[in-house]
Amino acid sequence: MPVYPDWWYSKYNIFEMTAHDVAEWLKRTDICLIPVGSCEQHGPHLPINCDSLQAWIVTKWAAEKAQVLHTPVVWTGYSPHHMRPPGSGAGTITLRAKTFEALMYDISRSLVHHGFNKLIYVIGHTSNIKIIDPVLRSLRYKTGAFAAMFRADAEILPLVPEIMGPIIKNPKEDNPGWHGGEGEISMCLLYHPEAVHMERVKWDRSQIHAPKYLPQDKFAKHDGSPYVVFKGQDQMIYLPMEHHEYCDTGVIGKPTGGDPEKARRAWGVLADKLAEFVEEVKKLKVEVKNREFDDRI
């Protein structure tokens, strides 16, 4: 029996299998899902594993629906902007961009080496996308394998009508999918409730602002994106900001409305969409031209 909670165990996880099991599965499917999260501060009220939970749950549910394999969750990612000042005890563990890129590439090449032709990264932390994109391209160019990303992060929730309307209740201006907000609170209440401490957090819009080194009458900040608002125009100026430079508490989303049932429904929608995508990927004919992982040291 697994030593971790039943909800964490998955019979489709290659981490739980023998080599013989994996070889037998490859006779049925050439698809493998790769959940990728992060280990980063989520304010004073949510556990550091929040993004990894999101990636894991969607992967686990979708794999069960679509009958495909998946890897263990990659529990750390690219989160330099969540480190906070030295000695602050934020708890974030980040990888450097080149380290994270190498990790993602090596995981992919290992799976292709063994016989998988189609790989889908399931992303629980949005900033990971920046580093994984060149990995997908490199994998395609060098091997011919099919490679894709699927977003399972909370920031995608308000962009999905089936979720935003009937499930997520806070309006978009309250950033319900952003850091520490309604969506992530709901997920953590569902699977890690003992680590949720709502009594510790206070929130108002003034804690989200443009970095103090910018003129405050010209620049603003609406959410946790890498963009600043300049004279009312958003999504135009991209800055390499530290999270604490534009958010005093680490909490971007209004921390109200958390409900474990919301998480079950919202991420259930994402799992359904991932499973539907997998079913279409199953139909694709992919020819891998270079399978051997020959750069192992």
# chains A, B, ... in the order shown; residues from 1 in each chain; ligands from 1
$ closest_atom_pairs --of "range 130-158 of chain A" --to "range 43-63 of chain A" --cutoff "9 Å" --atoms "only C-alpha atoms" --output "tab-separated table"
residue	atom	partner	partner_atom	distance
A:Arg151	CA	A:Ala55	CA	8.3
A:Ala152	CA	A:Ala55	CA	5.7
A:Asp153	CA	A:Gln54	CA	6.2
A:Ala154	CA	A:Gln54	CA	7.6
$ select_by_dssp --residues "range 140-177 of chain A" --states "helix (DSSP H, G or I)" --output "list in words"
Arg140, Tyr141, Lys142, Thr143, Ala154, Glu155, Ile156, Leu157, Pro158, Leu159, Pro161, Glu162, Ile163, Met164, Lys172, Glu173 and Asp174 of chain A
$ closest_atom_pairs --of "range 129-212 of chain A" --to "range 77-99 of chain A" --cutoff "10 Å" --atoms "only C-alpha atoms" --output "Markdown table"
| residue | atom | partner | partner_atom | distance |
| --- | --- | --- | --- | --- |
| A:Ile129 | CA | A:Tyr78 | CA | 9.0 |
| A:Lys130 | CA | A:Tyr78 | CA | 8.6 |
| A:Ile131 | CA | A:Ala97 | CA | 6.5 |
| A:Ile132 | CA | A:Ala97 | CA | 9.6 |
$ write_last_selection --atoms "N, CA and C atoms" --output "compact mmCIF listing (two decimals), in the first residue's frame"
# COMPACT_ATOMS: atom_id res chain seq x y z
N ILE A 129 6.12 28.00 -18.35
CA ILE A 129 5.90 28.01 -19.79
C ILE A 129 7.05 28.69 -20.52
N LYS A 130 7.60 29.74 -19.90
CA LYS A 130 8.68 30.49 -20.54
C LYS A 130 9.87 29.60 -20.86
N ILE A 131 10.15 28.65 -20.01
CA ILE A 131 11.34 27.81 -20.16
C ILE A 131 11.03 26.54 -20.94
N ILE A 132 9.81 26.04 -20.85
CA ILE A 132 9.48 24.77 -21.50
C ILE A 132 9.27 24.94 -23.00
$ residues_around --residues "range 188-193 of chain A" --least-positions-apart "2" --cutoff "7 Å" --atoms "only C-alpha atoms" --output "ChimeraX atom specification"
/A:50,184-186,195-196,259-260,263
$ write_last_selection --atoms "N, CA and C atoms" --output "CSV table (one decimal), in the first residue's frame"
chain,number,residue,atom,x,y,z
A,50,CYS,N,1.2,24.4,-3.6
A,50,CYS,CA,0.0,24.7,-4.3
A,50,CYS,C,0.0,24.4,-5.8
A,184,GLU,N,-7.0,29.0,-6.0
A,184,GLU,CA,-5.9,28.3,-5.3
A,184,GLU,C,-6.3,27.9,-3.8
A,185,ILE,N,-7.0,28.8,-3.2
A,185,ILE,CA,-7.5,28.5,-1.9
A,185,ILE,C,-8.4,27.2,-1.9
A,186,SER,N,-9.3,27.2,-2.9
A,186,SER,CA,-10.2,26.0,-3.1
A,186,SER,C,-9.4,24.7,-3.3
A,195,ALA,N,-3.0,22.8,5.9
A,195,ALA,CA,-1.9,23.8,5.7
A,195,ALA,C,-2.5,25.1,5.3
A,196,VAL,N,-3.8,25.3,5.3
A,196,VAL,CA,-4.5,26.5,4.9
A,196,VAL,C,-4.8,27.3,6.2
A,259,ASP,N,-13.5,27.1,-1.5
A,259,ASP,CA,-14.5,26.0,-1.3
A,259,ASP,C,-13.9,24.8,-2.0
A,260,PRO,N,-13.7,23.7,-1.2
A,260,PRO,CA,-13.1,22.5,-1.8
A,260,PRO,C,-13.9,22.0,-3.0
A,263,ALA,N,-13.0,23.5,-6.3
A,263,ALA,CA,-11.7,23.0,-6.8
A,263,ALA,C,-12.0,21.6,-7.5
$ select_by_dssp --residues "range 102-246 of chain A" --states "strand (DSSP E)" --output "list in words"
Lys118, Leu119, Ile120, Tyr121, Val122, Ile123, Phe146, Ala147, Ala148, Met149, Phe150, Arg151, Phe219, Ala220, Tyr227, Val228, Val229, Phe230, Gln233, Asp234, Gln235, Met236, Ile237 and Tyr238 of chain A
$ write_last_selection --atoms "C-alpha atoms" --output "short mmCIF file (atom, residue, chain, number, x, y, z; two decimals), in the first residue's frame"
data_model
loop_
_atom_site.label_atom_id
_atom_site.label_comp_id
_atom_site.auth_asym_id
_atom_site.auth_seq_id
_atom_site.Cartn_x
_atom_site.Cartn_y
_atom_site.Cartn_z
CA LYS A 118 3.79 11.99 -27.76
CA LEU A 119 4.50 14.03 -24.64
CA ILE A 120 2.24 16.57 -22.95
CA TYR A 121 3.52 18.79 -20.15
CA VAL A 122 0.76 19.68 -17.70
CA ILE A 123 1.64 23.06 -16.22
CA PHE A 146 4.94 15.35 -30.69
CA ALA A 147 5.30 17.74 -27.74
CA ALA A 148 2.74 20.07 -26.19
CA MET A 149 1.82 21.96 -23.03
CA PHE A 150 -1.54 22.03 -21.27
CA ARG A 151 -2.29 24.71 -18.69
CA PHE A 219 2.51 53.10 -13.80
CA ALA A 220 0.12 50.62 -12.16
CA TYR A 227 3.47 43.35 -17.45
CA VAL A 228 3.04 46.79 -15.92
CA VAL A 229 0.25 49.17 -16.82
CA PHE A 230 1.58 52.37 -18.38
CA GLN A 233 -2.35 50.53 -21.19
CA ASP A 234 -1.78 46.95 -20.01
CA GLN A 235 -0.02 44.02 -21.72
CA MET A 236 2.48 46.31 -23.45
CA ILE A 237 5.50 46.68 -21.16
CA TYR A 238 7.17 43.53 -19.85
#
$ residues_around --residues "range 242-254 of chain A" --least-positions-apart "5" --cutoff "6 Å" --atoms "only C-alpha atoms" --output "list in words"
Gly43, His81, His82, Asp174, Asn175, Pro176, Trp178, His179, Gly180, Gly181, Gln207, Ile208, His209, Ala210 and Pro211 of chain A
$ residues_around --residues "Val22 in chain A" --least-positions-apart "6" --cutoff "10 Å" --atoms "only C-alpha atoms" --output "ChimeraX atom specification"
/A:12-16,69,114-115
$ closest_residue --among "A:Asp6, A:Asp217, A:Asp30, A:Asp21" --to "Leu284 in chain A" --atoms "only C-alpha atoms"
A:Asp30
$ atom_distance --atom1 "CA of Ile31 in chain A" --atom2 "CA of Val269 in chain A"
20.7 Å
$ closest_residue --among "A:Gln67, A:Leu136, A:Ile163, A:Cys39" --to "Leu26 in chain A" --atoms "only C-alpha atoms"
A:Gln67
